[in-house]
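Worksheet: one structure, shown below.
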Amino acid sequence: MTYSVRSATVRFGPAVALDDVTVEVPAGSVVAVVGGDGAGKSTLLRALVGEVPLDAGLVEAPPRQRLGYLPASAGSWAALTVTQNIDFVAGIYGLAGDELAARRAELLERASLTPAAGRLAAQLSGGMRRKLGFIMAIVHRPALLILDEPSTGVDPVSRIDLWRLASEAAASGAAVLMSTTYLDEAERAAHLVVLDSGRVLVQGSYDQVRAGFAGVVTRADQPVRAEWAWRRGRILHEYWPVGDPPAGTTAVAPDLEDIVIALSLARRNAVPS
Amino acid sequence: MTGVLLRAAHVTRRFGAFTAVDDVSMGVEPGEVVGLLGANGAGKTTLIRMLLGLIAVTSGRVDLLGGPPDRQRRRRLGYVPQGLGLYGDLTVRENLSFSARAYGTAEPVLSPALRGYADVLVRELPLGAQRQVAFLAALAHAPDVLVLDEPTSGVDVLARAALWDTIRAQAERGAGVLVTTHYMQEAQQCDRLLLMSDGRLVGEGSEADIIGSTTAVAVRTGDWARAFAALAELAEVLRAAGIEASLQPVPATIEERMLVLSRQAKAS
């Protein structure tokens with residue numbers, strides 16, 4: 001089973017939040033959507049959940065009861081304990097009794113939250129709260145799991161837990177779509193989608209994205225063309241979309257950060273056709 | 001300006017029985033960008049608050065610009081918190097006038113990217129532009145020391161590159177910059193890294209120095225879902241399950257190094 005949005009366009013008044021975006025999420029894999037503030041990540045995720053109607057295009061998603069969704073905001077009730085939060089959501093899906101107890105215990109264990117089971121959600125750290133939200137999104141074994149920036153503001157140790165949980169969900173057959181603002185996280189996904197101003201800048205596996213990247217990235221202390229250069233620590237990197245860079249420049253192997261910046265610059269600097 | 005701008009010497013801070021910062025010594029020199037890394041609860045914020053003179057040390061000594069971090073010295077400091085510290089109900093120009101008056105300095109000139117936003121309420125700006133405004137407000141008085149908390153989190157790659165240009169320009173004119181973060185991308189922009197875990201300084205130097213001899217194991221297989229389930233019992237089980245896979249040690253990432261340190265801290 002593959003879920004998808006196809007040729008999706010979403011407008012909010014005059015603003016185009018998604019512009020002809022096609023993304024597929026096959027069962028058993030993790031797809032990462034990456035982009036900055038305003039790139040269209042949340043709109044894409046919410047279109048799949050059915051919270052945002054499309055102005056054009058198609059959504060293929062399972063029915064609501066087979067969907068799991070962790071929104072970008074908290075996603076748990078502060079005045080309930082961890083256990084109460086999980087049980088409340090599980091109850092909506094008809095999970096109860098021994099079946100619920102077993103599922104809850106299993107998920108708490110996998111998220112390293114067992115010792116916090118009796119704690120109020122308000123008293124959890126940011127990372128623990130995101131893991132609780134994750135458990136609540138997955139308690140009913142959804143076919144499609146959608147996670148909106150599960151790792152933003154989360155400490156590195158909890159972040160590794162969250163990635164393991166997402167990978168486990170995919171390994172047991174779910175289609176997982178998650179958004180992140182961090183490119184180094186997206187590198188780990190089977191398939192990554194880079195959004196920029198509502199459009200897909202590039203997508204594929206990390207290897208495919210690297211192999212498909214045209215042009216040369218060089219390093220220098222002073223850029224030859226400032227509008228094609230960006231900072232990496234004490235030095236600058238510069239992109240040459242077509243043709244060879246001038247003699248005396250040193251080419252570098254671009255990482256995902258370089259590739260995304262280079263493609264963004266190519267879009268910004270392009271002469272309108 | 002010469003000498004160390006910001007220095008902690010054997011600094012400890014206890015809250016009751018809990019030791020938040022345990023015998024930490026570090027410094028920031030003019031012209032360098034230093035990254036302070038650590039998981040939540042590692043002690044980064046407590047250390048920063050002592051360096052800025054916002055809370056007292058239990059023992060040890062803190063120097064800001066050659067003396068105790070008093071009000072007078074704090075005037076030569078610029079700080080951009082994660083929450084940015086701007087007034088959402090004021091326009092960009094009003095926010096900048098306010099901070100300029102507070103520091104007794106001239107109002108900063110808006111960058112070309114911000115010029116169109118001068119009379120827009122800050123809360124209506126994209127996050128990347130809000131961060132640019134917070135930087136302008138913090139930099140207008142040309143501070144000698146700049147402290148930034150996850151300065152580029154959440155913004156797109158081009159806005160991030162622009163922010164790093166601004167940060168680097170401050171270092172090049174001689175300011176010392178301390179960046180607290182737990183993101184690899186920010187760490188990689190720094191000249192030198194400090195890694196805290198469980199209140200102590202556990203690593204210092206380049207990314208390679210911090211990672212040291214820690215390695216991770218990369219498993220490459222076309223059958224990743226089964227491999228993942230089998231990984232709990234590692235290579236033997238993979239082989240027994242008939243899964244074609246290579247297991248090879250690779251250099252760990254900074255995050256993985258932090259995971260190892262945090263597990264060691266819990267075990268001890």
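Chain identifiers are assigned as A, B, and so on, following the order in which chains appear in the structure tokens; residues are numbered from 1 within each chain, and ligands are numbered from 1 in order of appearance.
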
May I have the residues within 7 Å of Ala32 of chain A as a PyMOL selection string, using only C-alpha atoms and disregarding those fewer than 2 positions away in the same chain? chain A and resi 30+34+177-179+186+189+191-193

Based on only C-alpha atoms, which of the residues in chain B come within 8 Å of chain A? I want them as number ranges by chain. B: 39-40, 126-128, 153-158, 161-162, 164-165, 168, 182-185, 188-191, 224-226, 228-229, 255, 258-259, 262

Would you mind exporting the chosen residues as an mmCIF file, in the first residue's frame, restricted to N, CA and C atoms?
```
data_model
loop_
_atom_site.group_PDB
_atom_site.id
_atom_site.type_symbol
_atom_site.label_atom_id
_atom_site.label_comp_id
_atom_site.auth_asym_id
_atom_site.auth_seq_id
_atom_site.Cartn_x
_atom_site.Cartn_y
_atom_site.Cartn_z
ATOM 1 N N ALA B 39 22.954 17.590 26.067
ATOM 2 C CA ALA B 39 21.540 17.241 26.064
ATOM 3 C C ALA B 39 20.806 18.142 27.051
ATOM 4 N N ASN B 40 19.464 18.080 27.064
ATOM 5 C CA ASN B 40 18.699 18.805 28.088
ATOM 6 C C ASN B 40 19.149 18.322 29.453
ATOM 7 N N PRO B 126 7.735 36.100 9.137
ATOM 8 C CA PRO B 126 8.240 34.722 9.122
ATOM 9 C C PRO B 126 9.343 34.576 10.182
ATOM 10 N N LEU B 127 9.510 33.333 10.660
ATOM 11 C CA LEU B 127 10.473 33.086 11.733
ATOM 12 C C LEU B 127 11.884 33.554 11.360
ATOM 13 N N GLY B 128 12.297 33.324 10.108
ATOM 14 C CA GLY B 128 13.644 33.714 9.687
ATOM 15 C C GLY B 128 13.847 35.222 9.836
ATOM 16 N N SER B 153 17.643 27.715 14.689
ATOM 17 C CA SER B 153 16.694 26.611 14.670
ATOM 18 C C SER B 153 15.382 27.027 14.000
ATOM 19 N N GLY B 154 14.908 26.182 13.103
ATOM 20 C CA GLY B 154 13.604 26.393 12.481
ATOM 21 C C GLY B 154 13.579 27.224 11.213
ATOM 22 N N VAL B 155 14.708 27.849 10.832
ATOM 23 C CA VAL B 155 14.660 28.704 9.640
ATOM 24 C C VAL B 155 15.187 27.948 8.420
ATOM 25 N N ASP B 156 14.816 28.416 7.219
ATOM 26 C CA ASP B 156 15.226 27.700 6.010
ATOM 27 C C ASP B 156 16.715 27.899 5.739
ATOM 28 N N VAL B 157 17.247 27.118 4.824
ATOM 29 C CA VAL B 157 18.704 27.064 4.645
ATOM 30 C C VAL B 157 19.318 28.407 4.275
ATOM 31 N N LEU B 158 18.631 29.182 3.434
ATOM 32 C CA LEU B 158 19.223 30.461 3.017
ATOM 33 C C LEU B 158 19.220 31.463 4.170
ATOM 34 N N ALA B 161 22.017 30.457 6.422
ATOM 35 C CA ALA B 161 23.325 30.883 5.913
ATOM 36 C C ALA B 161 23.536 32.372 6.175
ATOM 37 N N ALA B 162 22.466 33.174 6.010
ATOM 38 C CA ALA B 162 22.575 34.627 6.244
ATOM 39 C C ALA B 162 22.870 34.902 7.717
ATOM 40 N N TRP B 164 24.413 32.921 9.825
ATOM 41 C CA TRP B 164 25.809 32.552 10.115
ATOM 42 C C TRP B 164 26.795 33.583 9.584
ATOM 43 N N ASP B 165 26.446 34.214 8.454
ATOM 44 C CA ASP B 165 27.272 35.319 7.960
ATOM 45 C C ASP B 165 27.343 36.432 8.998
ATOM 46 N N ARG B 168 29.456 35.329 11.974
ATOM 47 C CA ARG B 168 30.883 35.294 11.644
ATOM 48 C C ARG B 168 31.447 36.715 11.551
ATOM 49 N N HIS B 182 22.078 21.912 20.453
ATOM 50 C CA HIS B 182 22.305 20.473 20.351
ATOM 51 C C HIS B 182 22.065 19.995 18.933
ATOM 52 N N TYR B 183 22.311 20.884 17.981
ATOM 53 C CA TYR B 183 22.168 20.483 16.590
ATOM 54 C C TYR B 183 23.512 20.457 15.879
ATOM 55 N N MET B 184 23.732 19.355 15.158
ATOM 56 C CA MET B 184 24.964 19.138 14.400
ATOM 57 C C MET B 184 25.279 20.301 13.461
ATOM 58 N N GLN B 185 24.239 20.781 12.768
ATOM 59 C CA GLN B 185 24.478 21.816 11.767
ATOM 60 C C GLN B 185 25.042 23.077 12.392
ATOM 61 N N GLN B 188 28.709 22.430 13.597
ATOM 62 C CA GLN B 188 29.699 22.400 12.522
ATOM 63 C C GLN B 188 30.112 23.795 12.056
ATOM 64 N N GLN B 189 29.368 24.819 12.426
ATOM 65 C CA GLN B 189 29.730 26.188 12.045
ATOM 66 C C GLN B 189 30.685 26.823 13.054
ATOM 67 N N CYS B 190 30.936 26.138 14.183
ATOM 68 C CA CYS B 190 31.744 26.732 15.255
ATOM 69 C C CYS B 190 33.229 26.426 15.068
ATOM 70 N N ASP B 191 34.086 27.281 15.659
ATOM 71 C CA ASP B 191 35.531 27.061 15.590
ATOM 72 C C ASP B 191 35.962 25.995 16.579
ATOM 73 N N TRP B 224 15.855 -3.781 5.143
ATOM 74 C CA TRP B 224 16.102 -3.064 6.387
ATOM 75 C C TRP B 224 15.063 -3.341 7.466
ATOM 76 N N ALA B 225 13.792 -3.593 7.045
ATOM 77 C CA ALA B 225 12.744 -3.753 8.048
ATOM 78 C C ALA B 225 13.002 -4.987 8.907
ATOM 79 N N ARG B 226 13.372 -6.112 8.262
ATOM 80 C CA ARG B 226 13.679 -7.332 9.029
ATOM 81 C C ARG B 226 14.962 -7.146 9.814
ATOM 82 N N PHE B 228 16.115 -4.463 11.053
ATOM 83 C CA PHE B 228 15.876 -3.610 12.208
ATOM 84 C C PHE B 228 15.323 -4.420 13.375
ATOM 85 N N ALA B 229 14.364 -5.305 13.062
ATOM 86 C CA ALA B 229 13.771 -6.142 14.109
ATOM 87 C C ALA B 229 14.830 -7.079 14.686
ATOM 88 N N GLU B 255 25.770 13.482 18.101
ATOM 89 C CA GLU B 255 24.584 13.020 18.829
ATOM 90 C C GLU B 255 24.809 11.644 19.433
ATOM 91 N N MET B 258 26.887 11.871 22.386
ATOM 92 C CA MET B 258 26.116 12.363 23.535
ATOM 93 C C MET B 258 25.283 11.240 24.133
ATOM 94 N N LEU B 259 24.740 10.370 23.274
ATOM 95 C CA LEU B 259 23.935 9.243 23.759
ATOM 96 C C LEU B 259 24.788 8.328 24.627
ATOM 97 N N SER B 262 25.528 9.985 27.940
ATOM 98 C CA SER B 262 24.381 10.055 28.834
ATOM 99 C C SER B 262 24.098 8.685 29.445
#
```

What's the 7 Å shell around Arg73 of chain B, counting only C-alpha atoms, without same-chain residues fewer than 4 positions away, as an mmCIF file with C-alpha atoms, in the first residue's frame?
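Below is the file part.cif, written as the result:
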```
data_model
loop_
_atom_site.group_PDB
_atom_site.id
_atom_site.type_symbol
_atom_site.label_atom_id
_atom_site.label_comp_id
_atom_site.auth_asym_id
_atom_site.auth_seq_id
_atom_site.Cartn_x
_atom_site.Cartn_y
_atom_site.Cartn_z
ATOM 1 C CA LEU B 64 33.088 38.579 32.076
ATOM 2 C CA LEU B 65 35.359 41.067 30.244
ATOM 3 C CA PRO B 69 29.670 39.955 35.546
#
```

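Here atom CA of Leu125 of chain B is placed at a distance of 25.4 Å from atom CA of Leu70 of chain A.
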
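One finds atom CA of Asp19 of chain A at 26.5 Å from atom CA of Val242 of chain A.
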
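Excluding Val202 of chain B itself and same-chain residues fewer than 5 positions from it, the residues having an atom within 10 Å of it are Val24, Gly38, Leu194, Leu195, Met196, Ser197, Ile210, Met258 and Leu261 of chain B, counting only C-alpha atoms.
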
DSSP strand (DSSP E) residues within segment 198-241 of chain A, as number ranges by chain: A: 199-204, 216-220, 229-232, 235-240

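Residues within 10 Å of Tyr93 of chain A, counting only C-alpha atoms and excluding same-chain residues fewer than 6 positions away, are Gln65, Arg66, Asp87, Val139 and His140 of chain A.
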
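The gap separating atom CA of Thr180 of chain B from atom CA of Val109 of chain B is 27.2 Å, in Å to one decimal.
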
Please report, as a CSV table (one decimal) with N, CA and C atoms, in the first residue's frame, each residue of segment 9-219 of chain B to which DSSP assigns alpha helix (DSSP H) when run on this structure's backbone.
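Contents of result-v4.csv, freshly written:
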```
chain,number,residue,atom,x,y,z
B,44,LYS,N,24.0,23.3,30.5
B,44,LYS,CA,24.3,24.4,29.7
B,44,LYS,C,23.7,25.7,30.2
B,45,THR,N,22.4,25.7,30.4
B,45,THR,CA,21.7,26.9,30.8
B,45,THR,C,22.2,27.5,32.1
B,46,THR,N,22.4,26.6,33.1
B,46,THR,CA,22.9,27.0,34.4
B,46,THR,C,24.3,27.7,34.2
B,47,LEU,N,25.2,27.1,33.4
B,47,LEU,CA,26.5,27.6,33.2
B,47,LEU,C,26.4,29.0,32.6
B,48,ILE,N,25.6,29.2,31.5
B,48,ILE,CA,25.4,30.5,30.9
B,48,ILE,C,24.9,31.5,31.9
B,49,ARG,N,23.9,31.1,32.7
B,49,ARG,CA,23.3,32.1,33.6
B,49,ARG,C,24.4,32.6,34.6
B,50,MET,N,25.3,31.7,35.0
B,50,MET,CA,26.4,32.1,35.9
B,50,MET,C,27.4,33.0,35.2
B,51,LEU,N,27.7,32.7,33.9
B,51,LEU,CA,28.6,33.5,33.1
B,51,LEU,C,28.1,34.9,32.9
B,71,ARG,N,26.5,44.8,36.2
B,71,ARG,CA,25.6,45.5,35.3
B,71,ARG,C,26.4,46.2,34.3
B,72,GLN,N,27.5,46.9,34.7
B,72,GLN,CA,28.3,47.7,33.8
B,72,GLN,C,28.9,46.8,32.7
B,73,ARG,N,29.4,45.7,33.1
B,73,ARG,CA,30.0,44.8,32.0
B,73,ARG,C,28.9,44.1,31.2
B,74,ARG,N,27.8,43.9,31.8
B,74,ARG,CA,26.7,43.3,30.9
B,74,ARG,C,26.2,44.2,29.8
B,92,VAL,N,8.7,46.1,13.7
B,92,VAL,CA,10.2,45.9,13.6
B,92,VAL,C,10.9,47.2,14.1
B,93,ARG,N,10.5,48.3,13.5
B,93,ARG,CA,11.2,49.6,13.9
B,93,ARG,C,11.0,49.9,15.3
B,94,GLU,N,9.8,49.7,15.9
B,94,GLU,CA,9.6,50.0,17.3
B,94,GLU,C,10.4,49.1,18.2
B,95,ASN,N,10.5,47.8,17.9
B,95,ASN,CA,11.4,46.9,18.6
B,95,ASN,C,12.8,47.4,18.7
B,96,LEU,N,13.3,47.8,17.5
B,96,LEU,CA,14.7,48.2,17.4
B,96,LEU,C,15.0,49.5,18.1
B,97,SER,N,14.0,50.4,18.0
B,97,SER,CA,14.1,51.7,18.8
B,97,SER,C,14.2,51.4,20.3
B,98,PHE,N,13.3,50.5,20.7
B,98,PHE,CA,13.3,50.2,22.1
B,98,PHE,C,14.6,49.7,22.6
B,99,SER,N,15.2,48.7,21.9
B,99,SER,CA,16.5,48.1,22.4
B,99,SER,C,17.6,49.1,22.2
B,100,ALA,N,17.6,49.9,21.2
B,100,ALA,CA,18.6,50.9,21.0
B,100,ALA,C,18.6,51.9,22.1
B,101,ARG,N,17.4,52.4,22.6
B,101,ARG,CA,17.3,53.3,23.7
B,101,ARG,C,17.8,52.6,25.0
B,102,ALA,N,17.4,51.3,25.2
B,102,ALA,CA,17.8,50.6,26.4
B,102,ALA,C,19.4,50.6,26.5
B,103,TYR,N,20.1,50.4,25.3
B,103,TYR,CA,21.5,50.3,25.4
B,103,TYR,C,22.2,51.7,25.1
B,112,PRO,N,18.7,44.9,3.8
B,112,PRO,CA,17.8,45.0,2.6
B,112,PRO,C,16.6,44.0,2.8
B,113,ALA,N,16.9,42.8,3.4
B,113,ALA,CA,15.9,41.8,3.5
B,113,ALA,C,14.8,42.2,4.5
B,114,LEU,N,15.1,43.1,5.4
B,114,LEU,CA,14.1,43.5,6.4
B,114,LEU,C,13.5,44.9,6.1
B,115,ARG,N,14.0,45.6,5.1
B,115,ARG,CA,13.5,46.9,4.9
B,115,ARG,C,12.0,47.0,4.6
B,127,LEU,N,9.5,33.3,10.7
B,127,LEU,CA,10.5,33.1,11.7
B,127,LEU,C,11.9,33.6,11.4
B,128,GLY,N,12.3,33.3,10.1
B,128,GLY,CA,13.6,33.7,9.7
B,128,GLY,C,13.8,35.2,9.8
B,129,ALA,N,12.8,36.0,9.5
B,129,ALA,CA,12.9,37.5,9.6
B,129,ALA,C,12.9,37.9,11.0
B,130,GLN,N,12.1,37.2,11.9
B,130,GLN,CA,12.1,37.5,13.3
B,130,GLN,C,13.5,37.3,13.9
B,131,ARG,N,14.2,36.2,13.5
B,131,ARG,CA,15.5,36.0,14.0
B,131,ARG,C,16.5,37.1,13.6
B,132,GLN,N,16.3,37.6,12.3
B,132,GLN,CA,17.2,38.7,11.8
B,132,GLN,C,17.0,39.9,12.7
B,133,VAL,N,15.7,40.2,13.1
B,133,VAL,CA,15.4,41.4,13.9
B,133,VAL,C,16.1,41.2,15.3
B,134,ALA,N,15.9,40.0,15.8
B,134,ALA,CA,16.5,39.8,17.2
B,134,ALA,C,18.0,40.0,17.1
B,135,PHE,N,18.6,39.5,16.0
B,135,PHE,CA,20.1,39.7,15.9
B,135,PHE,C,20.4,41.2,15.8
B,136,LEU,N,19.7,41.9,15.0
B,136,LEU,CA,19.9,43.4,14.9
B,136,LEU,C,19.8,44.1,16.2
B,137,ALA,N,18.8,43.7,17.0
B,137,ALA,CA,18.5,44.3,18.3
B,137,ALA,C,19.7,44.0,19.2
B,138,ALA,N,20.2,42.8,19.1
B,138,ALA,CA,21.3,42.4,20.1
B,138,ALA,C,22.7,42.9,19.7
B,139,LEU,N,22.8,43.3,18.4
B,139,LEU,CA,24.1,43.7,17.8
B,139,LEU,C,24.3,45.2,17.7
B,157,VAL,N,17.2,27.1,4.8
B,157,VAL,CA,18.7,27.1,4.6
B,157,VAL,C,19.3,28.4,4.3
B,158,LEU,N,18.6,29.2,3.4
B,158,LEU,CA,19.2,30.5,3.0
B,158,LEU,C,19.2,31.5,4.2
B,159,ALA,N,18.1,31.5,4.9
B,159,ALA,CA,18.1,32.4,6.1
B,159,ALA,C,19.1,32.0,7.1
B,160,ARG,N,19.3,30.6,7.2
B,160,ARG,CA,20.3,30.1,8.2
B,160,ARG,C,21.7,30.6,7.7
B,161,ALA,N,22.0,30.5,6.4
B,161,ALA,CA,23.3,30.9,5.9
B,161,ALA,C,23.5,32.4,6.2
B,162,ALA,N,22.5,33.2,6.0
B,162,ALA,CA,22.6,34.6,6.2
B,162,ALA,C,22.9,34.9,7.7
B,163,LEU,N,22.2,34.2,8.6
B,163,LEU,CA,22.5,34.4,10.1
B,163,LEU,C,23.9,34.0,10.4
B,164,TRP,N,24.4,32.9,9.8
B,164,TRP,CA,25.8,32.6,10.1
B,164,TRP,C,26.8,33.6,9.6
B,165,ASP,N,26.4,34.2,8.5
B,165,ASP,CA,27.3,35.3,8.0
B,165,ASP,C,27.3,36.4,9.0
B,166,THR,N,26.2,36.8,9.6
B,166,THR,CA,26.1,37.8,10.6
B,166,THR,C,26.9,37.4,11.8
B,167,ILE,N,26.8,36.2,12.3
B,167,ILE,CA,27.6,35.7,13.4
B,167,ILE,C,29.1,35.8,13.2
B,168,ARG,N,29.5,35.3,12.0
B,168,ARG,CA,30.9,35.3,11.6
B,168,ARG,C,31.4,36.7,11.6
B,169,ALA,N,30.6,37.6,11.0
B,169,ALA,CA,31.1,39.0,10.9
B,169,ALA,C,31.4,39.6,12.3
B,170,GLN,N,30.6,39.2,13.3
B,170,GLN,CA,30.8,39.7,14.7
B,170,GLN,C,32.2,39.2,15.2
B,171,ALA,N,32.4,37.9,14.9
B,171,ALA,CA,33.7,37.3,15.4
B,171,ALA,C,34.9,38.0,14.7
B,172,GLU,N,34.7,38.3,13.4
B,172,GLU,CA,35.8,38.9,12.6
B,172,GLU,C,36.1,40.3,13.1
B,184,MET,N,23.7,19.4,15.2
B,184,MET,CA,25.0,19.1,14.4
B,184,MET,C,25.3,20.3,13.5
B,185,GLN,N,24.2,20.8,12.8
B,185,GLN,CA,24.5,21.8,11.8
B,185,GLN,C,25.0,23.1,12.4
B,186,GLU,N,24.6,23.4,13.6
B,186,GLU,CA,25.1,24.6,14.3
B,186,GLU,C,26.5,24.3,14.8
B,187,ALA,N,26.7,23.1,15.4
B,187,ALA,CA,28.0,22.7,15.9
B,187,ALA,C,29.1,22.8,14.8
B,207,GLU,N,35.0,18.8,16.2
B,207,GLU,CA,34.0,17.7,16.1
B,207,GLU,C,34.8,16.4,16.2
B,208,ALA,N,35.9,16.2,15.5
B,208,ALA,CA,36.6,15.0,15.6
B,208,ALA,C,37.2,14.7,17.0
B,209,ASP,N,37.6,15.8,17.7
B,209,ASP,CA,38.1,15.6,19.0
B,209,ASP,C,37.0,15.1,20.0
B,210,ILE,N,35.8,15.7,19.8
B,210,ILE,CA,34.7,15.4,20.7
B,210,ILE,C,34.3,13.9,20.5
B,211,ILE,N,34.2,13.5,19.2
B,211,ILE,CA,33.7,12.1,18.9
B,211,ILE,C,34.8,11.1,19.4
```

Choose the residue, out of B:Leu84, B:Val21, B:Leu193, B:Leu5, that has the smallest atom-to-atom separation from Arg123 of chain B; count only C-alpha atoms. B:Leu84

Can you tell me, as a PyMOL selection string, what residues are no more than 12 Å from Met128 of chain A when counting only C-alpha atoms, ignoring any on the same chain fewer than 3 positions away? (chain A and resi 74+76+82+108+111-117+119-125+131-135+150-151+153-159+161-162) or (chain B and resi 40)

Close residues, Val49 of chain A itself excluded, 10 Å, only C-alpha atoms, min 5 positions apart in chain, as a PyMOL selection string: chain A and resi 43-44+59-64+67-69+144-146

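Nearest to Ala140 of chain B of all the residues B:Leu86, B:Pro30, B:Pro108, B:Ser206 is B:Pro108, counting only C-alpha atoms.
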